[in-house]
file entry-v4.txt (compact mmCIF, C-alpha atoms)
# COMPACT_ATOMS: atom_id res chain seq x y z
CA MET A 14 23.26 6.51 23.77
CA PHE A 15 22.86 2.75 23.42
CA SER A 16 20.99 1.89 20.23
CA ILE A 17 19.36 -1.15 18.66
CA PRO A 18 20.36 -2.10 15.10
CA TYR A 19 17.82 -3.16 12.53
CA SER A 20 18.04 -4.42 8.97
CA ILE A 21 15.59 -5.06 6.14
CA GLU A 22 16.13 -6.70 2.77
CA LYS A 23 13.68 -7.63 0.03
CA SER A 24 14.30 -9.02 -3.46
CA ILE A 25 12.50 -9.63 -6.74
CA THR A 26 13.42 -11.01 -10.16
CA ILE A 27 12.67 -8.81 -13.18
CA ASN A 28 12.48 -9.98 -16.77
CA ARG A 29 14.85 -7.32 -18.06
CA SER A 30 18.63 -7.01 -18.42
CA VAL A 31 20.66 -5.83 -15.44
CA ALA A 32 21.66 -2.76 -17.45
CA ASP A 33 18.01 -1.77 -17.94
CA VAL A 34 17.14 -2.29 -14.27
CA TYR A 35 20.20 -0.46 -13.00
CA LYS A 36 19.65 2.51 -15.33
CA LEU A 37 16.07 3.06 -14.17
CA VAL A 38 16.77 2.69 -10.46
CA ALA A 39 19.86 4.92 -10.65
CA ASP A 40 17.77 7.85 -11.94
CA PHE A 41 15.68 9.58 -9.27
CA ALA A 42 13.48 11.03 -12.02
CA SER A 43 11.93 7.54 -12.37
CA TRP A 44 11.11 7.08 -8.69
CA PRO A 45 7.67 8.78 -8.65
CA GLN A 46 6.47 5.99 -10.96
CA TRP A 47 7.33 3.14 -8.58
CA SER A 48 8.28 4.50 -5.15
CA PRO A 49 5.92 3.05 -2.48
CA TRP A 50 6.01 6.42 -0.66
CA LEU A 51 5.78 8.94 -3.51
CA SER A 52 2.88 6.94 -4.96
CA GLN A 53 0.88 7.80 -1.82
CA GLU A 54 1.11 11.53 -2.49
CA PRO A 55 1.41 12.10 -6.26
CA ALA A 56 1.43 15.89 -5.79
CA CYS A 57 4.36 15.80 -3.35
CA PRO A 58 6.96 18.42 -4.36
CA ILE A 59 10.32 16.82 -5.18
CA SER A 60 13.69 18.22 -6.19
CA ILE A 61 16.35 16.25 -8.06
CA GLU A 62 20.00 17.25 -8.31
CA GLY A 63 23.15 15.81 -9.84
CA THR A 64 23.75 13.23 -12.55
CA SER A 65 21.82 9.97 -12.42
CA GLY A 66 23.87 7.02 -11.21
CA MET A 67 26.70 9.23 -9.94
CA VAL A 68 27.76 9.91 -6.36
CA GLY A 69 25.89 12.99 -5.14
CA HIS A 70 22.79 12.40 -7.28
CA SER A 71 19.95 13.24 -4.89
CA GLN A 72 16.23 13.58 -4.41
CA SER A 73 14.52 15.78 -1.80
CA TRP A 74 10.81 15.68 -1.02
CA ASN A 75 8.48 17.80 1.08
CA GLY A 76 5.05 16.18 1.31
CA SER A 77 2.00 17.41 3.15
CA PHE A 78 1.61 14.06 4.93
CA ILE A 79 4.39 11.67 3.81
CA GLY A 80 6.90 13.99 5.45
CA SER A 81 10.12 15.46 4.12
CA GLY A 82 13.66 14.27 3.65
CA LYS A 83 16.55 13.64 1.29
CA ILE A 84 18.23 10.61 -0.28
CA TYR A 85 21.50 10.72 -2.16
CA ILE A 86 23.96 8.30 -3.72
CA THR A 87 27.13 7.71 -1.70
CA ALA A 88 28.65 4.87 -3.76
CA ALA A 89 27.86 3.05 -6.99
CA ARG A 90 29.28 0.41 -9.30
CA LEU A 91 27.65 0.08 -12.71
CA ASN A 92 25.20 -2.85 -12.89
CA ASP A 93 26.36 -4.10 -9.48
CA HIS A 94 25.21 -1.90 -6.60
CA ILE A 95 24.06 1.57 -5.51
CA ASP A 96 24.39 2.82 -1.90
CA TYR A 97 22.49 5.76 -0.44
CA ASP A 98 22.25 7.89 2.66
CA LEU A 99 18.61 8.45 3.61
CA LYS A 100 17.69 11.35 5.89
CA PHE A 101 14.17 11.99 7.18
CA ILE A 102 13.38 15.47 8.47
CA LYS A 103 9.63 15.19 9.10
CA PRO A 104 7.58 13.79 10.79
CA TRP A 105 10.73 12.94 12.81
CA LYS A 106 14.46 13.11 12.22
CA SER A 107 16.34 9.90 11.44
CA GLU A 108 19.12 8.61 9.23
CA SER A 109 19.63 5.22 7.58
CA ARG A 110 21.84 3.52 5.06
CA THR A 111 20.02 1.95 2.16
CA GLY A 112 20.74 0.64 -1.30
CA PHE A 113 20.26 -1.84 -4.12
CA ARG A 114 22.24 -4.84 -5.30
CA PHE A 115 21.89 -6.21 -8.83
CA ALA A 116 22.67 -9.70 -10.13
CA THR A 117 22.14 -11.37 -13.50
CA VAL A 118 20.03 -14.54 -13.31
CA GLY A 119 19.96 -16.10 -16.77
CA GLU A 120 18.33 -13.46 -18.96
CA ASN A 121 16.71 -11.79 -15.94
CA THR A 122 17.85 -9.55 -13.10
CA LYS A 123 17.56 -10.09 -9.37
CA ILE A 124 17.39 -6.80 -7.50
CA SER A 125 17.70 -6.63 -3.72
CA TRP A 126 16.63 -3.54 -1.75
CA TRP A 127 18.14 -3.19 1.72
CA MET A 128 18.16 -0.81 4.67
CA ARG A 129 20.39 -0.64 7.75
CA GLY A 130 19.91 1.64 10.71
CA THR A 131 19.53 1.95 14.46
CA LEU A 132 16.81 2.86 16.93
CA PRO A 133 17.29 4.46 20.35
CA PHE A 134 17.12 1.82 23.07
CA PHE A 135 13.93 3.29 24.55
CA MET A 136 12.16 2.62 21.22
CA PHE A 137 12.96 -1.13 21.25
CA PHE A 138 9.23 -1.92 21.11
CA MET A 139 9.00 -0.26 17.68
CA LYS A 140 11.59 -2.45 15.96
CA LYS A 141 9.33 -5.29 14.82
CA MET A 142 6.53 -3.00 13.67
CA MET A 143 8.87 -0.67 11.82
CA THR A 144 10.78 -3.42 10.01
CA THR A 145 7.51 -5.14 9.09
CA MET A 146 6.00 -1.94 7.67
CA ILE A 147 9.11 -0.96 5.71
CA GLY A 148 9.41 -4.53 4.43
CA ILE A 149 5.83 -4.36 3.13
CA ASP A 150 6.61 -1.04 1.44
CA TYR A 151 9.75 -2.50 -0.13
CA ASP A 152 7.80 -5.50 -1.48
CA ARG A 153 5.19 -3.20 -2.99
CA GLY A 154 7.81 -0.87 -4.45
CA LEU A 155 9.73 -3.75 -6.03
CA SER A 156 6.49 -5.11 -7.52
CA MET A 157 5.77 -1.71 -9.09
CA LEU A 158 9.35 -1.47 -10.35
CA LYS A 159 9.00 -4.91 -11.96
CA GLU A 160 5.71 -3.98 -13.64
CA LEU A 161 7.13 -0.68 -14.88
CA LEU A 162 10.18 -2.33 -16.42
CA GLU A 163 8.31 -5.28 -17.91
CA THR A 164 5.22 -3.48 -19.22
CA GLY A 165 6.11 0.21 -19.35
CA THR A 166 3.43 1.24 -16.85
CA VAL A 167 2.16 0.64 -13.31
CA LEU A 168 -1.57 -0.02 -12.94
CA SER A 169 -2.02 2.13 -9.86
CA GLU A 170 -3.39 5.65 -9.51
CA THR A 171 -4.22 7.12 -6.09
CA SER A 172 -6.54 10.10 -5.59
CA ILE A 173 -7.14 11.61 -2.14
CA LYS A 174 -10.68 12.96 -1.80
CA GLY A 175 -10.30 14.23 1.77
CA VAL A 176 -12.80 13.85 4.60
CA VAL A 177 -16.37 12.96 3.57
CA ASP A 178 -19.62 12.44 5.47
CA CYS A 179 -20.82 8.84 5.23
CA GLU A 180 -24.34 7.53 5.74
CA PRO A 181 -24.99 4.46 7.92
CA LEU A 182 -23.89 1.19 6.33
CA TYR A 183 -26.14 -1.89 6.50
CA TYR A 184 -24.54 -5.04 5.23
CA LEU A 185 -24.80 -8.76 4.62
CA GLY A 186 -21.66 -10.78 4.02
CA LYS A 187 -19.31 -13.66 4.66
CA ARG A 188 -17.04 -13.18 7.65
CA ARG A 189 -13.62 -14.80 7.64
CA ALA A 190 -10.28 -14.79 9.44
CA CYS A 191 -7.18 -15.56 7.37
CA ASP A 192 -3.55 -14.68 6.71
CA ILE A 193 -3.11 -11.34 4.97
CA SER A 194 -1.31 -13.12 2.14
CA ASP A 195 -4.49 -15.12 1.45
CA VAL A 196 -6.94 -12.19 1.43
CA GLY A 197 -7.26 -11.92 -2.37
CA PRO A 198 -8.25 -15.54 -3.10
CA ALA A 199 -10.36 -15.70 0.08
CA MET A 200 -12.40 -12.63 -0.88
CA GLU A 201 -12.90 -14.00 -4.38
CA GLU A 202 -14.42 -17.16 -2.88
CA ASP A 203 -16.61 -15.15 -0.50
CA PHE A 204 -17.99 -12.90 -3.23
CA ALA A 205 -18.76 -15.93 -5.41
CA GLU A 206 -20.63 -17.51 -2.51
CA MET A 207 -22.51 -14.28 -1.77
CA SER A 208 -23.59 -14.05 -5.42
CA ARG A 209 -24.98 -17.60 -5.23
CA LEU A 210 -26.79 -16.82 -1.98
CA LEU A 211 -28.18 -13.60 -3.44
CA GLU A 212 -29.81 -15.57 -6.23
CA LYS A 213 -30.88 -18.53 -4.10
CA SER A 214 -32.33 -16.51 -1.20
CA LYS A 215 -33.93 -13.90 -3.41
CA LEU A 216 -32.32 -11.05 -1.47
CA PRO A 217 -32.98 -7.50 -2.66
CA GLU A 218 -30.50 -6.15 -5.16
CA PRO A 219 -27.62 -4.65 -3.14
CA LYS A 220 -26.73 -0.98 -3.23
CA ARG A 221 -22.98 -1.61 -3.43
CA VAL A 222 -20.33 -4.29 -2.99
CA PHE A 223 -17.82 -3.88 -0.18
CA SER A 224 -15.36 -5.37 2.33
CA ILE A 225 -15.05 -4.26 5.93
CA TYR A 226 -11.99 -4.97 8.07
CA HIS A 227 -12.70 -5.93 11.68
CA LYS A 228 -9.01 -6.67 12.31
CA TYR A 229 -5.85 -6.12 10.26
CA ALA A 230 -2.69 -7.06 12.15
CA MET A 231 0.19 -6.40 9.76
CA VAL A 232 2.95 -7.44 12.17
CA GLN A 233 1.23 -10.75 12.94
CA GLY A 234 0.23 -11.15 9.28
CA ASN A 235 -3.45 -11.93 9.81
CA CYS A 236 -6.81 -10.22 9.48
CA GLU A 237 -10.54 -10.65 9.90
CA TYR A 238 -13.03 -9.17 7.47
CA THR A 239 -16.54 -9.36 6.05
CA SER A 240 -17.11 -9.17 2.29
CA GLY A 241 -20.56 -8.75 0.85
CA PHE A 242 -23.32 -6.31 -0.04
CA LEU A 243 -24.48 -2.93 1.24
CA TYR A 244 -28.14 -1.95 1.60
CA ASP A 245 -30.10 1.19 2.48
CA ALA A 246 -31.80 -0.57 5.40
CA PRO A 247 -31.22 -3.65 7.60
CA GLN A 248 -31.87 -7.04 5.96
CA ASN A 249 -32.59 -10.49 7.33
CA ALA A 250 -29.49 -12.62 6.94
CA PRO A 251 -29.93 -16.03 5.30
CA GLU A 252 -28.14 -19.04 6.74
CA GLY A 253 -24.36 -18.78 6.53
CA VAL A 254 -24.39 -14.98 6.20
CA VAL A 255 -23.71 -12.34 8.84
CA SER A 256 -25.43 -8.99 9.08
CA GLY A 257 -24.20 -5.77 10.59
CA GLN A 258 -24.18 -2.02 10.45
CA VAL A 259 -21.83 0.93 10.83
CA PRO A 260 -23.35 4.20 12.11
CA ALA A 261 -23.09 7.46 10.21
CA HIS A 262 -19.55 8.75 10.35
CA ARG A 263 -16.82 10.89 8.81
CA ALA A 264 -13.98 9.24 6.95
CA VAL A 265 -10.94 9.98 4.85
CA ARG A 266 -11.73 8.75 1.35
CA VAL A 267 -9.03 7.72 -1.10
CA ASP A 268 -9.85 6.34 -4.55
CA HIS A 269 -7.65 3.82 -6.31
CA ARG A 270 -7.76 3.12 -10.03
CA GLY A 271 -5.95 0.01 -11.19
CA ALA A 272 -4.91 -3.45 -10.03
CA TYR A 273 -5.98 -4.76 -6.64
CA ARG A 274 -2.37 -5.88 -6.03
CA PHE A 275 -1.44 -2.22 -5.57
CA LEU A 276 -4.24 -1.26 -3.18
CA GLY A 277 -1.56 -0.87 -0.51
CA ASN A 278 -0.66 2.46 -2.15
CA ALA A 279 -4.13 3.84 -1.50
CA TRP A 280 -4.41 2.32 1.96
CA SER A 281 -1.07 3.83 2.99
CA ALA A 282 -2.24 7.18 1.64
CA ALA A 283 -5.54 6.99 3.53
CA ILE A 284 -3.95 6.08 6.85
CA GLY A 285 -1.08 8.54 6.45
CA TYR A 286 -3.45 11.37 5.54
CA ALA A 287 -5.82 10.53 8.40
CA ARG A 288 -3.04 10.41 10.98
CA SER A 289 -1.37 13.62 9.86
CA LYS A 290 -4.44 15.81 9.51
CA HIS A 291 -7.11 14.17 11.69
CA LYS A 292 -7.48 11.47 14.33
CA ILE A 293 -8.39 7.94 13.29
CA ASN A 294 -11.63 6.70 14.85
CA LYS A 295 -10.55 3.32 16.16
CA ALA A 296 -14.08 2.53 17.31
CA LEU A 297 -15.16 2.11 13.67
CA PRO A 298 -13.75 -0.28 11.07
CA MET A 299 -12.03 0.72 7.84
CA TYR A 300 -13.58 -0.53 4.61
CA GLU A 301 -13.48 -0.71 0.82
CA ILE A 302 -16.26 -0.20 -1.72
CA TYR A 303 -16.00 -1.61 -5.25
CA PRO A 304 -17.91 0.38 -7.91
CA ASN A 305 -16.85 -2.15 -10.57
CA SER A 306 -14.80 -5.34 -10.89
CA PRO A 307 -12.09 -6.89 -13.09
CA LYS A 308 -14.84 -9.01 -14.64
CA GLU A 309 -16.54 -5.88 -15.97
CA VAL A 310 -13.69 -3.57 -16.99
CA ALA A 311 -10.03 -3.70 -17.95
CA GLU A 312 -7.68 -3.99 -14.97
CA ALA A 313 -6.43 -0.44 -15.52
CA GLU A 314 -10.00 0.84 -14.97
CA VAL A 315 -10.84 -1.12 -11.81
CA LEU A 316 -12.05 1.33 -9.14
CA THR A 317 -11.81 0.96 -5.38
CA GLU A 318 -12.99 3.47 -2.80
CA ILE A 319 -11.15 3.29 0.53
CA TYR A 320 -12.56 4.74 3.76
CA ALA A 321 -10.69 5.36 7.01
CA PRO A 322 -13.11 6.69 9.67
CA VAL A 323 -11.90 9.74 11.62
CA LYS A 324 -13.18 11.64 14.63

call {"tool": "encode", "arguments": {"input": "entry-v4.txt", "output": "structure tokens"}}
result
Amino acid sequence: MFSIPYSIEKSITINRSVADVYKLVADFASWPQWSPWLSQEPACPISIEGTSGMVGHSQSWNGSFIGSGKIYITAARLNDHIDYDLKFIKPWKSESRTGFRFATVGENTKISWWMRGTLPFFMFFMKKMMTTMIGIDYDRGLSMLKELLETGTVLSETSIKGVVDCEPLYYLGKRRACDISDVGPAMEEDFAEMSRLLEKSKLPEPKRVFSIYHKYAMVQGNCEYTSGFLYDAPQNAPEGVVSGQVPAHRAVRVDHRGAYRFLGNAWSAAIGYARSKHKINKALPMYEIYPNSPKEVAEAEVLTEIYAPVK
């Protein structure tokens, strides 16, 4: 059958020697600490066989919602490259070639993570979305790998709470459209402005702080959101502020403890869990609630509650 090739490659520079980087990546026992997929389901059963860094060294996984599969080393050259065969069994069968290349850059190491594969011709419409999503996962995984090697830990802990009943949400906030890459700084500006308006307009003390996503187009790289305050009842919106509400609903809740830069771990877990065990309610927006902030606690203790409404 005629097929469509695809390729993905992402890189990052790590402030460690190439020997240190190679040794960690070559050992599947380290992967649960930085893998962008295993981090979604910390309890996922995994099995590791063979000698780290050697041809045949393998890892199998059988998750309740991240699926199942196997990856194993097919070729390796010390401190230069590692090649793998990657086989997915669930939720669908597929095979790809993937691997890492390592290069010394001064006293640092540049690591490149690549994937090559094909799609059946009739799935041509999935190519852009799939390569975008895997590319985002690769970027997040490389960032966690860098943090692990440079600091000894990754400030990201994901906890799936399951489906919860949620009361109606009444909110005031700043609505904005921006590139996904600009969300962090943009939200920081919006929350600062909301704090000033809260004081100036003498609004009631909010129940919680949150962000709601009206649009999040990962392939196009843009989104639209409102960041602000939650209340128990509707409030009059001062000038420059929007008001809104979300009716009572059910949602998959996933908690994230740690740096905001790794929230993608929890979001991937929430969406993956919702899709595998329920049906996402596309009529309602997904949202985040922030019980604390980096200004109040150490970054390792920052909490974020993520909600993906389901039917």

call {"tool": "closest_residue", "arguments": {"input": "entry-v4.txt", "among": "A:Glu170, A:Glu218, A:Glu201, A:Asp192", "to": "Thr317 of chain A", "atoms": "all atoms listed in the file"}}
result
A:Glu170

call {"tool": "residues_around", "arguments": {"input": "entry-v4.txt", "residues": "segment 258-267 of chain A", "least_positions_apart": "5", "cutoff": "7 Å", "atoms": "all atoms listed in the file", "output": "list in words"}}
result
Thr171, Ser172, Ile173, Lys174, Gly175, Val176, Val177, Asp178, Cys179, Glu180, Pro181, Leu182, Tyr183, Tyr184, Ala279, Ala283, Ala287, Glu318, Ile319, Tyr320, Ala321, Pro322, Val323 and Lys324 of chain A

call {"tool": "closest_residue", "arguments": {"input": "entry-v4.txt", "among": "A:Leu168, A:Val254, A:Val34, A:Met128", "to": "Glu314 of chain A", "atoms": "all atoms listed in the file"}}
result
A:Leu168

call {"tool": "atom_distance", "arguments": {"input": "entry-v4.txt", "atom1": "atom CA of Pro18 of chain A", "atom2": "atom CA of Pro49 of chain A"}}
result
23.3 Å

call {"tool": "closest_residue", "arguments": {"input": "entry-v4.txt", "among": "A:Leu158, A:Thr64, A:Ser20, A:Leu91", "to": "Pro45 of chain A", "atoms": "only C-alpha atoms"}}
result
A:Leu158

call {"tool": "residues_around", "arguments": {"input": "entry-v4.txt", "residues": "Asn235 of chain A", "least_positions_apart": "5", "cutoff": "7 Å", "atoms": "all atoms listed in the file", "output": "list in words"}}
result
Cys191, Asp192, Ile193, Tyr229 and Ala230 of chain A

call {"tool": "atom_distance", "arguments": {"input": "entry-v4.txt", "atom1": "atom CA of Asn305 of chain A", "atom2": "atom CA of Gly165 of chain A"}}
result
24.7 Å

call {"tool": "residues_near_point", "arguments": {"input": "entry-v4.txt", "point": "(17.0, -8.7, -8.7)", "cutoff": "7 Å", "atoms": "all atoms listed in the file", "output": "PyMOL selection string"}}
result
chain A and resi 24-27+115-116+122-125

call {"tool": "residues_around", "arguments": {"input": "entry-v4.txt", "residues": "Gly186 of chain A", "least_positions_apart": "4", "cutoff": "9 Å", "atoms": "only C-alpha atoms", "output": "ChimeraX atom specification"}}
result
/A:203-204,207,223-224,239-243,250,253-257

call {"tool": "atom_distance", "arguments": {"input": "entry-v4.txt", "atom1": "atom CA of Gly69 of chain A", "atom2": "atom CA of Lys83 of chain A"}}
result
11.4 Å

call {"tool": "closest_residue", "arguments": {"input": "entry-v4.txt", "among": "A:Asn28, A:Ser214, A:Leu185, A:Pro307", "to": "Thr164 of chain A", "atoms": "only C-alpha atoms"}}
result
A:Asn28

call {"tool": "closest_residue", "arguments": {"input": "entry-v4.txt", "among": "A:Lys290, A:Lys187, A:Lys159, A:His269", "to": "Ser30 of chain A", "atoms": "all atoms listed in the file"}}
result
A:Lys159

call {"tool": "axis_aligned_box", "arguments": {"input": "entry-v4.txt", "around": "segment 52-70 of chain A", "padding_each_side": "8 Å", "output": "lines of an AutoDock Vina configuration file"}}
result
center_x = 14.3
center_y = 12.7
center_z = -7.2
size_x = 42.9
size_y = 27.5
size_z = 26.7

call {"tool": "residues_around", "arguments": {"input": "entry-v4.txt", "residues": "segment 51-57 of chain A", "least_positions_apart": "3", "cutoff": "8 Å", "atoms": "all atoms listed in the file", "output": "list in words"}}
result
Trp44, Pro45, Gln46, Trp47, Ser48, Trp74, Asn75, Gly76, Ser77, Phe78, Ile79, Glu170, Thr171, Asn278, Ala279, Ser281 and Ala282 of chain A

call {"tool": "write_last_selection", "arguments": {"input": "entry-v4.txt", "atoms": "C-alpha atoms", "output": "mmCIF file, in the frame of the given file"}}
result
data_model
loop_
_atom_site.group_PDB
_atom_site.id
_atom_site.type_symbol
_atom_site.label_atom_id
_atom_site.label_comp_id
_atom_site.auth_asym_id
_atom_site.auth_seq_id
_atom_site.Cartn_x
_atom_site.Cartn_y
_atom_site.Cartn_z
ATOM 1 C CA TRP A 44 11.110 7.080 -8.690
ATOM 2 C CA PRO A 45 7.670 8.780 -8.650
ATOM 3 C CA GLN A 46 6.470 5.990 -10.960
ATOM 4 C CA TRP A 47 7.330 3.140 -8.580
ATOM 5 C CA SER A 48 8.280 4.500 -5.150
ATOM 6 C CA TRP A 74 10.810 15.680 -1.020
ATOM 7 C CA ASN A 75 8.480 17.800 1.080
ATOM 8 C CA GLY A 76 5.050 16.180 1.310
ATOM 9 C CA SER A 77 2.000 17.410 3.150
ATOM 10 C CA PHE A 78 1.610 14.060 4.930
ATOM 11 C CA ILE A 79 4.390 11.670 3.810
ATOM 12 C CA GLU A 170 -3.390 5.650 -9.510
ATOM 13 C CA THR A 171 -4.220 7.120 -6.090
ATOM 14 C CA ASN A 278 -0.660 2.460 -2.150
ATOM 15 C CA ALA A 279 -4.130 3.840 -1.500
ATOM 16 C CA SER A 281 -1.070 3.830 2.990
ATOM 17 C CA ALA A 282 -2.240 7.180 1.640
#

call {"tool": "residues_around", "arguments": {"input": "entry-v4.txt", "residues": "Gly197 of chain A", "least_positions_apart": "5", "cutoff": "10 Å", "atoms": "all atoms listed in the file", "output": "NGL selection string"}}
result
:A and (202 or 273-274)

call {"tool": "residues_near_point", "arguments": {"input": "entry-v4.txt", "point": "(-6.4, -3.9, -14.0)", "cutoff": "6 Å", "atoms": "all atoms listed in the file", "output": "list in words"}}
result
Gly271, Ala272, Ala311, Glu312, Ala313 and Val315 of chain A

call {"tool": "closest_residue", "arguments": {"input": "entry-v4.txt", "among": "A:Asn249, A:Ser81, A:Ser156, A:Ser65", "to": "Ser43 of chain A", "atoms": "only C-alpha atoms"}}
result
A:Ser65
